[in-house]
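Peer 1: Below is coords.cif; it holds mmCIF, C-alpha atoms.
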```cif
data_coords
#
loop_
_atom_site.label_atom_id
_atom_site.label_comp_id
_atom_site.auth_asym_id
_atom_site.auth_seq_id
_atom_site.Cartn_x
_atom_site.Cartn_y
_atom_site.Cartn_z
CA MET A 1 96.60 76.11 -181.57
CA SER A 2 99.71 77.11 -179.69
CA THR A 3 100.21 75.94 -176.11
CA SER A 4 100.29 78.60 -173.43
CA ARG A 5 103.31 78.74 -171.21
CA LEU A 6 100.80 78.55 -168.34
CA ASP A 7 99.48 75.13 -169.45
CA LEU A 8 100.62 72.43 -167.01
CA SER A 9 101.32 68.73 -167.50
CA SER A 10 101.69 66.07 -164.83
CA GLU A 11 104.56 64.69 -166.89
CA THR A 12 106.60 67.85 -166.47
CA GLY A 13 105.05 69.51 -163.44
CA PRO A 14 106.25 67.59 -160.37
CA ALA A 15 103.96 69.44 -157.96
CA LEU A 16 100.70 67.89 -159.23
CA PRO A 17 99.68 64.24 -159.83
CA PRO A 18 97.85 63.06 -162.95
CA ILE A 19 94.14 63.86 -163.34
CA LEU A 20 91.87 60.83 -162.93
CA PRO A 21 89.06 60.29 -165.46
CA GLY A 22 85.40 60.68 -164.58
CA THR A 23 83.13 63.18 -162.87
CA LEU A 24 83.45 63.97 -159.17
CA ILE A 25 80.29 62.98 -157.27
CA LEU A 26 81.28 64.03 -153.78
CA ASN A 27 84.15 64.85 -151.48
CA GLY A 28 84.29 64.77 -147.71
CA GLU A 29 84.40 62.23 -144.90
CA ASN A 30 82.69 58.91 -144.17
CA PRO A 31 83.67 57.45 -140.77
CA PHE A 32 81.88 54.22 -139.88
CA ILE A 33 81.31 51.98 -136.87
CA ARG A 34 80.36 48.32 -137.28
CA LEU A 35 79.99 46.37 -134.06
CA SER A 36 79.39 42.67 -133.48
CA ARG A 37 79.51 40.27 -130.55
CA ALA A 38 82.33 38.20 -132.08
CA PRO A 39 84.63 38.44 -135.10
CA GLY A 40 82.82 37.51 -138.29
CA GLU A 41 79.34 37.54 -136.74
CA PRO A 42 76.53 39.75 -138.16
CA PHE A 43 76.80 43.39 -137.18
CA THR A 44 74.63 44.39 -134.24
CA THR A 45 75.31 48.05 -135.08
CA ASP A 46 76.10 49.49 -138.52
CA ALA A 47 76.59 53.27 -138.68
CA SER A 48 77.86 55.29 -141.66
CA LEU A 49 78.32 59.02 -141.07
CA TRP A 50 78.91 61.33 -144.04
CA THR A 51 80.27 64.88 -143.76
CA ILE A 52 80.25 66.27 -147.31
CA THR A 53 82.08 69.43 -148.33
CA TYR A 54 81.30 69.15 -152.05
CA SER A 55 78.58 67.37 -154.03
CA LEU A 56 76.11 68.12 -156.79
CA ARG A 57 73.54 68.55 -153.98
CA GLY A 58 75.63 70.82 -151.80
CA SER A 59 77.34 70.20 -148.46
CA GLY A 60 75.97 68.67 -145.30
CA HIS A 61 75.82 65.64 -143.04
CA VAL A 62 74.04 62.28 -143.19
CA LEU A 63 74.00 59.42 -140.69
CA PHE A 64 72.73 56.02 -141.80
CA ILE A 65 72.31 53.79 -138.73
CA LYS A 66 70.88 50.40 -137.85
CA SER A 67 71.29 48.93 -134.36
CA GLU A 68 69.46 47.16 -131.59
CA LEU A 69 69.16 50.70 -130.23
CA THR A 70 67.04 51.60 -133.29
CA ASP A 71 64.99 48.39 -132.97
CA ASP A 72 67.07 46.87 -135.77
CA GLU A 73 65.55 49.31 -138.26
CA TRP A 74 67.44 51.71 -140.50
CA ARG A 75 67.25 55.40 -139.60
CA ILE A 76 68.59 58.38 -141.51
CA TYR A 77 69.55 61.65 -139.83
CA SER A 78 70.54 64.65 -141.96
CA ASP A 79 70.65 68.42 -142.41
CA ASN A 80 70.36 68.17 -146.22
CA GLN A 81 67.60 65.95 -147.63
CA ALA A 82 68.79 66.39 -151.23
CA LEU A 83 72.20 65.08 -150.17
CA VAL A 84 70.55 61.99 -148.67
CA ARG A 85 68.88 61.21 -152.01
CA LEU A 86 72.17 61.68 -153.85
CA LEU A 87 73.96 59.26 -151.53
CA GLN A 88 71.14 56.74 -151.75
CA SER A 89 71.19 56.78 -155.54
CA THR A 90 74.97 56.57 -155.82
CA VAL A 91 77.70 55.58 -153.39
CA GLN A 92 75.84 54.72 -150.16
CA GLY A 93 73.18 52.82 -152.07
CA MET A 94 75.89 50.82 -153.82
CA LEU A 95 77.78 50.07 -150.61
CA ASN A 96 74.63 48.96 -148.78
CA PRO A 97 71.48 48.56 -150.92
CA ALA A 98 69.30 48.38 -147.79
CA THR A 99 70.01 52.07 -147.15
CA ALA A 100 68.77 53.14 -150.61
CA SER A 101 65.08 52.76 -149.77
CA HIS A 102 63.06 55.98 -149.83
CA ARG A 103 60.74 54.39 -147.26
CA ILE A 104 63.30 55.21 -144.57
CA ALA A 105 62.25 58.50 -142.99
CA ILE A 106 64.79 61.34 -142.99
CA ILE A 107 65.07 62.92 -139.55
CA GLU A 108 66.26 66.54 -139.36
CA ALA A 109 69.38 66.73 -137.20
CA GLU A 110 72.32 68.82 -136.04
CA PHE A 111 75.88 67.53 -136.13
CA SER A 112 79.04 68.31 -134.18
CA ARG A 113 82.43 66.76 -133.49
CA HIS A 114 85.48 67.11 -131.28
CA GLY A 115 88.73 65.38 -130.45
CA ASP A 116 92.02 64.84 -132.25
CA LEU A 117 93.56 62.11 -134.35
CA GLN A 118 96.23 61.32 -131.76
CA GLY A 119 93.69 60.25 -129.16
CA GLN A 120 89.91 60.07 -129.47
CA TRP A 121 87.52 61.30 -132.17
CA THR A 122 83.84 61.87 -131.32
CA GLN A 123 80.89 62.96 -133.45
CA LYS A 124 77.41 63.78 -132.14
CA VAL A 125 74.00 63.86 -133.78
CA LEU A 126 71.12 65.75 -132.15
CA ALA A 127 67.57 65.30 -133.45
CA GLY A 128 64.53 66.16 -131.35
CA GLY A 129 64.73 63.85 -128.36
CA ASP A 130 67.58 61.77 -129.79
CA GLU A 131 71.26 62.18 -129.03
CA ILE A 132 73.61 59.81 -130.83
CA THR A 133 77.32 59.73 -130.00
CA LEU A 134 79.92 57.91 -132.09
CA SER A 135 83.46 57.60 -130.73
CA TRP A 136 86.65 56.12 -132.14
CA TYR A 137 89.65 55.24 -129.89
CA ARG A 138 93.15 53.79 -130.24
CA LEU A 139 93.68 55.08 -133.75
CA ILE A 140 96.50 53.42 -135.68
CA GLU A 141 98.59 54.23 -138.74
CA PRO A 142 96.55 55.82 -141.58
CA LEU A 143 96.22 54.07 -144.93
CA LEU A 144 95.95 55.90 -148.27
CA MET A 145 93.54 53.83 -150.36
CA ALA A 146 92.54 54.35 -154.00
CA HIS A 147 90.22 52.32 -156.22
CA GLU A 148 91.28 53.56 -159.64
CA GLN A 149 89.99 50.69 -161.81
CA PRO A 150 86.37 50.08 -160.76
CA ALA A 151 85.59 48.48 -164.14
CA ARG A 152 87.42 45.39 -162.88
CA LEU A 153 84.65 44.95 -160.28
CA PRO A 154 81.22 45.37 -161.93
CA GLU A 155 79.48 45.93 -158.59
CA ARG A 156 81.87 48.82 -157.86
CA ASN A 157 80.91 51.31 -160.54
CA TYR A 158 82.62 54.29 -158.89
CA GLY A 159 86.23 55.22 -158.33
CA ALA A 160 87.32 56.21 -154.83
CA CYS A 161 90.27 57.69 -152.97
CA VAL A 162 90.36 57.96 -149.17
CA VAL A 163 92.61 58.28 -146.13
CA MET A 164 91.46 55.49 -143.81
CA ILE A 165 92.38 55.57 -140.10
CA PRO A 166 91.44 52.30 -138.38
CA ALA A 167 90.28 52.43 -134.75
CA MET A 168 90.97 49.49 -132.48
CA LYS A 169 88.13 50.56 -130.19
CA ALA A 170 84.80 52.24 -130.93
CA GLN A 171 81.59 53.05 -129.10
CA LEU A 172 78.13 54.18 -130.12
CA THR A 173 75.37 55.40 -127.80
CA VAL A 174 71.78 56.45 -128.38
CA ASN A 175 70.28 58.58 -125.62
CA GLY A 176 72.92 57.34 -123.20
CA ARG A 177 72.44 53.64 -123.98
CA GLN A 178 75.56 51.94 -125.29
CA ALA A 179 75.30 49.63 -128.28
CA SER A 180 76.34 46.05 -127.63
CA GLY A 181 79.22 44.36 -129.36
CA GLN A 182 82.56 45.86 -130.27
CA ALA A 183 84.79 46.79 -133.17
CA TRP A 184 87.15 44.01 -134.18
CA PRO A 185 90.69 44.21 -135.57
CA CYS A 186 91.25 42.59 -138.94
CA LYS A 187 93.55 42.81 -141.96
CA TYR A 188 93.04 44.58 -145.30
CA ASP A 189 95.55 43.73 -148.03
CA GLY A 190 97.80 42.48 -145.25
CA GLN A 191 97.67 45.76 -143.31
CA PRO A 192 96.15 46.25 -139.83
CA PHE A 193 92.52 47.31 -140.17
CA SER A 194 89.28 47.40 -138.16
CA THR A 195 85.51 47.22 -138.45
CA ALA A 196 85.48 50.84 -137.25
CA CYS A 197 87.43 53.50 -139.14
CA LEU A 198 87.71 57.20 -139.71
CA ALA A 199 87.58 57.89 -143.44
CA PHE A 200 88.84 61.35 -144.35
CA SER A 201 89.69 63.18 -147.59
CA GLU A 202 87.25 60.85 -149.31
CA SER A 203 86.35 61.38 -152.97
CA TRP A 204 84.03 59.35 -155.20
CA ARG A 205 83.73 59.74 -158.95
CA THR A 206 82.01 58.20 -161.95
CA CYS A 207 84.20 56.33 -164.41
#
```
Is it possible to give me this structure as structure tokens?
Peer 2:
Amino acid sequence: MSTSRLDLSSETGPALPPILPGTLILNGENPFIRLSRAPGEPFTTDASLWTITYSLRGSGHVLFIKSELTDDEWRIYSDNQALVRLLQSTVQGMLNPATASHRIAIIEAEFSRHGDLQGQWTQKVLAGGDEITLSWYRLIEPLLMAHEQPARLPERNYGACVVMIPAMKAQLTVNGRQASGQAWPCKYDGQPFSTACLAFSESWRTC
């Protein structure tokens, strides 16, 4: 079969990078806030907020949250229940097995956000009588992170690529009550990092 002049190759086409193997599971954003009373202590608040633009179960939003403000119980807020189940059975369930349980009720919610990446970024979740606000402050230099060889880590059975923007300060409130603890600066591969980050342009794939 002859090759069309329109066929492209990453070896000769400088505009495009090589294609990674595997099947795309989802693409979107996954900012998180993990607060504790001191560095290295157990998290008093753990919140993972997904904004998905593409997945096999469509687009939508999902917040997984556990905090003293939720009586130390996991809650799930979403506008796409099928997306919740996809996340539980794949990436989110791998990252935190406690969030994979179908016993956790899914609460219908609306999501919004505002701010800019030079100052403060805020996302809100409204569900019945609940209003949850997540805010990230003092954003520092973004990091482009890729996990291209997940087979080297058996517990990481998915490949990932993400732009991570660490926040030196973060705050979470539920119905006006502020969660205790704070985000703590740390290092990741020698680079400045934090227990609270914005995670944008995030893609996960099977390998």
Peer 1: Under the rule that all atoms listed in the file are counted, which of A:Gln118, A:Thr90, A:Ser203, A:Thr70 is the nearest residue to Asn175 (chain A)?
Peer 2: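 Under the stated criterion, the closest residue is A:Thr70.
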Peer 1: Set the distance at 12 Å and use all atoms listed in the file: which residues neighbour Thr53 (chain A) once local chain neighbours fewer than 5 positions away are removed? I'd like the list as a PyMOL selection string.
Peer 2: chain A and resi 25-30+58-62+80+83+200-203
Peer 1: Just how far from CA of Asp130 (chain A) is CA of Ser112 (chain A), in Å to one decimal?
Peer 2: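 A separation of 13.9 Å between them.
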Peer 1: Just checking: using all atoms listed in the file, which residue out of A:Trp121, A:Phe193, A:Phe111, A:Tyr54 ends up closest to Pro31 (chain A)?
Peer 2: A:Trp121
Peer 1: I need the output of the PyMOL selection byres ((chain A and resi 84) around 12) for this file as a ChimeraX atom specification; which residues are they?
Peer 2: /A:49-52,55-64,75-83,85-93,99-102,104-108
Peer 1: Take the selection from the previous step and output its residues with C-alpha atoms, as a PDB file, in the coordinates of the input.
Peer 2:
```
ATOM      1  CA  LEU A  49      78.320  59.020-141.070  1.00  0.00           C
ATOM      2  CA  TRP A  50      78.910  61.330-144.040  1.00  0.00           C
ATOM      3  CA  THR A  51      80.270  64.880-143.760  1.00  0.00           C
ATOM      4  CA  ILE A  52      80.250  66.270-147.310  1.00  0.00           C
ATOM      5  CA  SER A  55      78.580  67.370-154.030  1.00  0.00           C
ATOM      6  CA  LEU A  56      76.110  68.120-156.790  1.00  0.00           C
ATOM      7  CA  ARG A  57      73.540  68.550-153.980  1.00  0.00           C
ATOM      8  CA  GLY A  58      75.630  70.820-151.800  1.00  0.00           C
ATOM      9  CA  SER A  59      77.340  70.200-148.460  1.00  0.00           C
ATOM     10  CA  GLY A  60      75.970  68.670-145.300  1.00  0.00           C
ATOM     11  CA  HIS A  61      75.820  65.640-143.040  1.00  0.00           C
ATOM     12  CA  VAL A  62      74.040  62.280-143.190  1.00  0.00           C
ATOM     13  CA  LEU A  63      74.000  59.420-140.690  1.00  0.00           C
ATOM     14  CA  PHE A  64      72.730  56.020-141.800  1.00  0.00           C
ATOM     15  CA  ARG A  75      67.250  55.400-139.600  1.00  0.00           C
ATOM     16  CA  ILE A  76      68.590  58.380-141.510  1.00  0.00           C
ATOM     17  CA  TYR A  77      69.550  61.650-139.830  1.00  0.00           C
ATOM     18  CA  SER A  78      70.540  64.650-141.960  1.00  0.00           C
ATOM     19  CA  ASP A  79      70.650  68.420-142.410  1.00  0.00           C
ATOM     20  CA  ASN A  80      70.360  68.170-146.220  1.00  0.00           C
ATOM     21  CA  GLN A  81      67.600  65.950-147.630  1.00  0.00           C
ATOM     22  CA  ALA A  82      68.790  66.390-151.230  1.00  0.00           C
ATOM     23  CA  LEU A  83      72.200  65.080-150.170  1.00  0.00           C
ATOM     24  CA  ARG A  85      68.880  61.210-152.010  1.00  0.00           C
ATOM     25  CA  LEU A  86      72.170  61.680-153.850  1.00  0.00           C
ATOM     26  CA  LEU A  87      73.960  59.260-151.530  1.00  0.00           C
ATOM     27  CA  GLN A  88      71.140  56.740-151.750  1.00  0.00           C
ATOM     28  CA  SER A  89      71.190  56.780-155.540  1.00  0.00           C
ATOM     29  CA  THR A  90      74.970  56.570-155.820  1.00  0.00           C
ATOM     30  CA  VAL A  91      77.700  55.580-153.390  1.00  0.00           C
ATOM     31  CA  GLN A  92      75.840  54.720-150.160  1.00  0.00           C
ATOM     32  CA  GLY A  93      73.180  52.820-152.070  1.00  0.00           C
ATOM     33  CA  THR A  99      70.010  52.070-147.150  1.00  0.00           C
ATOM     34  CA  ALA A 100      68.770  53.140-150.610  1.00  0.00           C
ATOM     35  CA  SER A 101      65.080  52.760-149.770  1.00  0.00           C
ATOM     36  CA  HIS A 102      63.060  55.980-149.830  1.00  0.00           C
ATOM     37  CA  ILE A 104      63.300  55.210-144.570  1.00  0.00           C
ATOM     38  CA  ALA A 105      62.250  58.500-142.990  1.00  0.00           C
ATOM     39  CA  ILE A 106      64.790  61.340-142.990  1.00  0.00           C
ATOM     40  CA  ILE A 107      65.070  62.920-139.550  1.00  0.00           C
ATOM     41  CA  GLU A 108      66.260  66.540-139.360  1.00  0.00           C
TER      42      GLU A 108
END
```
Peer 1: Name all residues at most 9 Å from Leu139 (chain A) (count all atoms listed in the file; drop same-chain ones fewer than 4 positions away) and give them as a list in words.
Peer 2: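 Using all atoms listed in the file, the neighbours found are Leu117, Gln118, Gly119, Gln120, Trp121, Ile165, Pro166, Ala167, Met168, Lys169, Cys197 and Leu198 of chain A.
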Peer 1: Kindly give the distance, in Å, that separates CA of Thr133 (chain A) and CA of Thr173 (chain A), rounded to a single decimal.
Peer 2: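 Calculated distance between CA of Thr133 (chain A) and CA of Thr173 (chain A) is 5.2 Å.
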Peer 1: Please, what distance in Å, to one decimal, runs between CA of Arg205 (chain A) and CA of Leu24 (chain A)?
Peer 2: 4.2 Å
Peer 1: Mind rebuilding region 84-95 of chain A with all heavy atoms and writing that out as an mmCIF file, in the coordinates of the input?
Peer 2:
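The result, written out as out_1.cif:
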```cif
data_model
loop_
_atom_site.group_PDB
_atom_site.id
_atom_site.type_symbol
_atom_site.label_atom_id
_atom_site.label_comp_id
_atom_site.auth_asym_id
_atom_site.auth_seq_id
_atom_site.Cartn_x
_atom_site.Cartn_y
_atom_site.Cartn_z
ATOM 1 N N VAL A 84 70.949 63.373 -148.985
ATOM 2 C CA VAL A 84 70.550 61.990 -148.670
ATOM 3 C C VAL A 84 70.185 61.247 -149.947
ATOM 4 O O VAL A 84 70.652 60.130 -150.206
ATOM 5 C CB VAL A 84 69.364 61.965 -147.691
ATOM 6 C CG1 VAL A 84 68.879 60.528 -147.483
ATOM 7 C CG2 VAL A 84 69.737 62.590 -146.363
ATOM 8 N N ARG A 85 69.334 61.869 -150.780
ATOM 9 C CA ARG A 85 68.880 61.210 -152.010
ATOM 10 C C ARG A 85 70.048 60.958 -152.962
ATOM 11 O O ARG A 85 70.083 59.923 -153.629
ATOM 12 C CB ARG A 85 67.801 62.054 -152.675
ATOM 13 C CG ARG A 85 66.530 62.240 -151.849
ATOM 14 C CD ARG A 85 65.966 60.924 -151.385
ATOM 15 N NE ARG A 85 64.666 61.076 -150.732
ATOM 16 C CZ ARG A 85 64.202 60.251 -149.808
ATOM 17 N NH1 ARG A 85 64.946 59.209 -149.419
ATOM 18 N NH2 ARG A 85 63.010 60.434 -149.270
ATOM 19 N N LEU A 86 70.998 61.889 -153.009
ATOM 20 C CA LEU A 86 72.170 61.680 -153.850
ATOM 21 C C LEU A 86 72.967 60.473 -153.377
ATOM 22 O O LEU A 86 73.352 59.605 -154.175
ATOM 23 C CB LEU A 86 73.061 62.930 -153.850
ATOM 24 C CG LEU A 86 74.390 62.790 -154.596
ATOM 25 C CD1 LEU A 86 74.165 62.626 -156.095
ATOM 26 C CD2 LEU A 86 75.297 63.981 -154.324
ATOM 27 N N LEU A 87 73.212 60.387 -152.087
ATOM 28 C CA LEU A 87 73.960 59.260 -151.530
ATOM 29 C C LEU A 87 73.230 57.947 -151.752
ATOM 30 O O LEU A 87 73.842 56.924 -152.081
ATOM 31 C CB LEU A 87 74.224 59.490 -150.045
ATOM 32 C CG LEU A 87 75.276 60.547 -149.703
ATOM 33 C CD1 LEU A 87 75.196 60.932 -148.232
ATOM 34 C CD2 LEU A 87 76.669 60.036 -150.035
ATOM 35 N N GLN A 88 71.905 57.967 -151.558
ATOM 36 C CA GLN A 88 71.140 56.740 -151.750
ATOM 37 C C GLN A 88 71.207 56.243 -153.187
ATOM 38 O O GLN A 88 71.241 55.034 -153.432
ATOM 39 C CB GLN A 88 69.681 56.963 -151.354
ATOM 40 C CG GLN A 88 69.449 57.085 -149.849
ATOM 41 C CD GLN A 88 67.988 57.313 -149.530
ATOM 42 O OE1 GLN A 88 67.337 58.183 -150.112
ATOM 43 N NE2 GLN A 88 67.458 56.527 -148.614
ATOM 44 N N SER A 89 71.223 57.171 -154.128
ATOM 45 C CA SER A 89 71.190 56.780 -155.540
ATOM 46 C C SER A 89 72.575 56.518 -156.112
ATOM 47 O O SER A 89 72.694 56.055 -157.248
ATOM 48 C CB SER A 89 70.504 57.874 -156.367
ATOM 49 O OG SER A 89 71.259 59.078 -156.352
ATOM 50 N N THR A 90 73.614 56.790 -155.320
ATOM 51 C CA THR A 90 74.970 56.570 -155.820
ATOM 52 C C THR A 90 75.767 55.715 -154.834
ATOM 53 O O THR A 90 75.526 54.518 -154.693
ATOM 54 C CB THR A 90 75.685 57.911 -156.074
ATOM 55 O OG1 THR A 90 75.686 58.711 -154.864
ATOM 56 C CG2 THR A 90 75.001 58.700 -157.177
ATOM 57 N N VAL A 91 76.692 56.317 -154.135
ATOM 58 C CA VAL A 91 77.700 55.580 -153.390
ATOM 59 C C VAL A 91 77.128 54.786 -152.215
ATOM 60 O O VAL A 91 77.369 53.580 -152.082
ATOM 61 C CB VAL A 91 78.787 56.554 -152.884
ATOM 62 C CG1 VAL A 91 79.818 55.804 -152.071
ATOM 63 C CG2 VAL A 91 79.433 57.271 -154.050
ATOM 64 N N GLN A 92 76.371 55.427 -151.321
ATOM 65 C CA GLN A 92 75.840 54.720 -150.160
ATOM 66 C C GLN A 92 74.909 53.596 -150.586
ATOM 67 O O GLN A 92 74.950 52.496 -150.034
ATOM 68 C CB GLN A 92 75.113 55.698 -149.226
ATOM 69 C CG GLN A 92 74.472 55.037 -148.010
ATOM 70 C CD GLN A 92 75.473 54.430 -147.052
ATOM 71 O OE1 GLN A 92 76.533 54.987 -146.806
ATOM 72 N NE2 GLN A 92 75.145 53.268 -146.506
ATOM 73 N N GLY A 93 74.081 53.850 -151.573
ATOM 74 C CA GLY A 93 73.180 52.820 -152.070
ATOM 75 C C GLY A 93 73.912 51.647 -152.677
ATOM 76 O O GLY A 93 73.444 50.504 -152.610
ATOM 77 N N MET A 94 75.072 51.905 -153.284
ATOM 78 C CA MET A 94 75.890 50.820 -153.820
ATOM 79 C C MET A 94 76.547 50.028 -152.704
ATOM 80 O O MET A 94 76.551 48.794 -152.719
ATOM 81 C CB MET A 94 76.969 51.393 -154.742
ATOM 82 C CG MET A 94 77.934 50.341 -155.285
ATOM 83 S SD MET A 94 79.483 51.049 -155.921
ATOM 84 C CE MET A 94 80.253 51.647 -154.414
ATOM 85 N N LEU A 95 77.087 50.741 -151.701
ATOM 86 C CA LEU A 95 77.780 50.070 -150.610
ATOM 87 C C LEU A 95 76.838 49.228 -149.768
ATOM 88 O O LEU A 95 77.219 48.157 -149.276
ATOM 89 C CB LEU A 95 78.488 51.111 -149.729
ATOM 90 C CG LEU A 95 79.627 51.895 -150.385
ATOM 91 C CD1 LEU A 95 80.105 52.999 -149.460
ATOM 92 C CD2 LEU A 95 80.776 50.959 -150.753
#
```
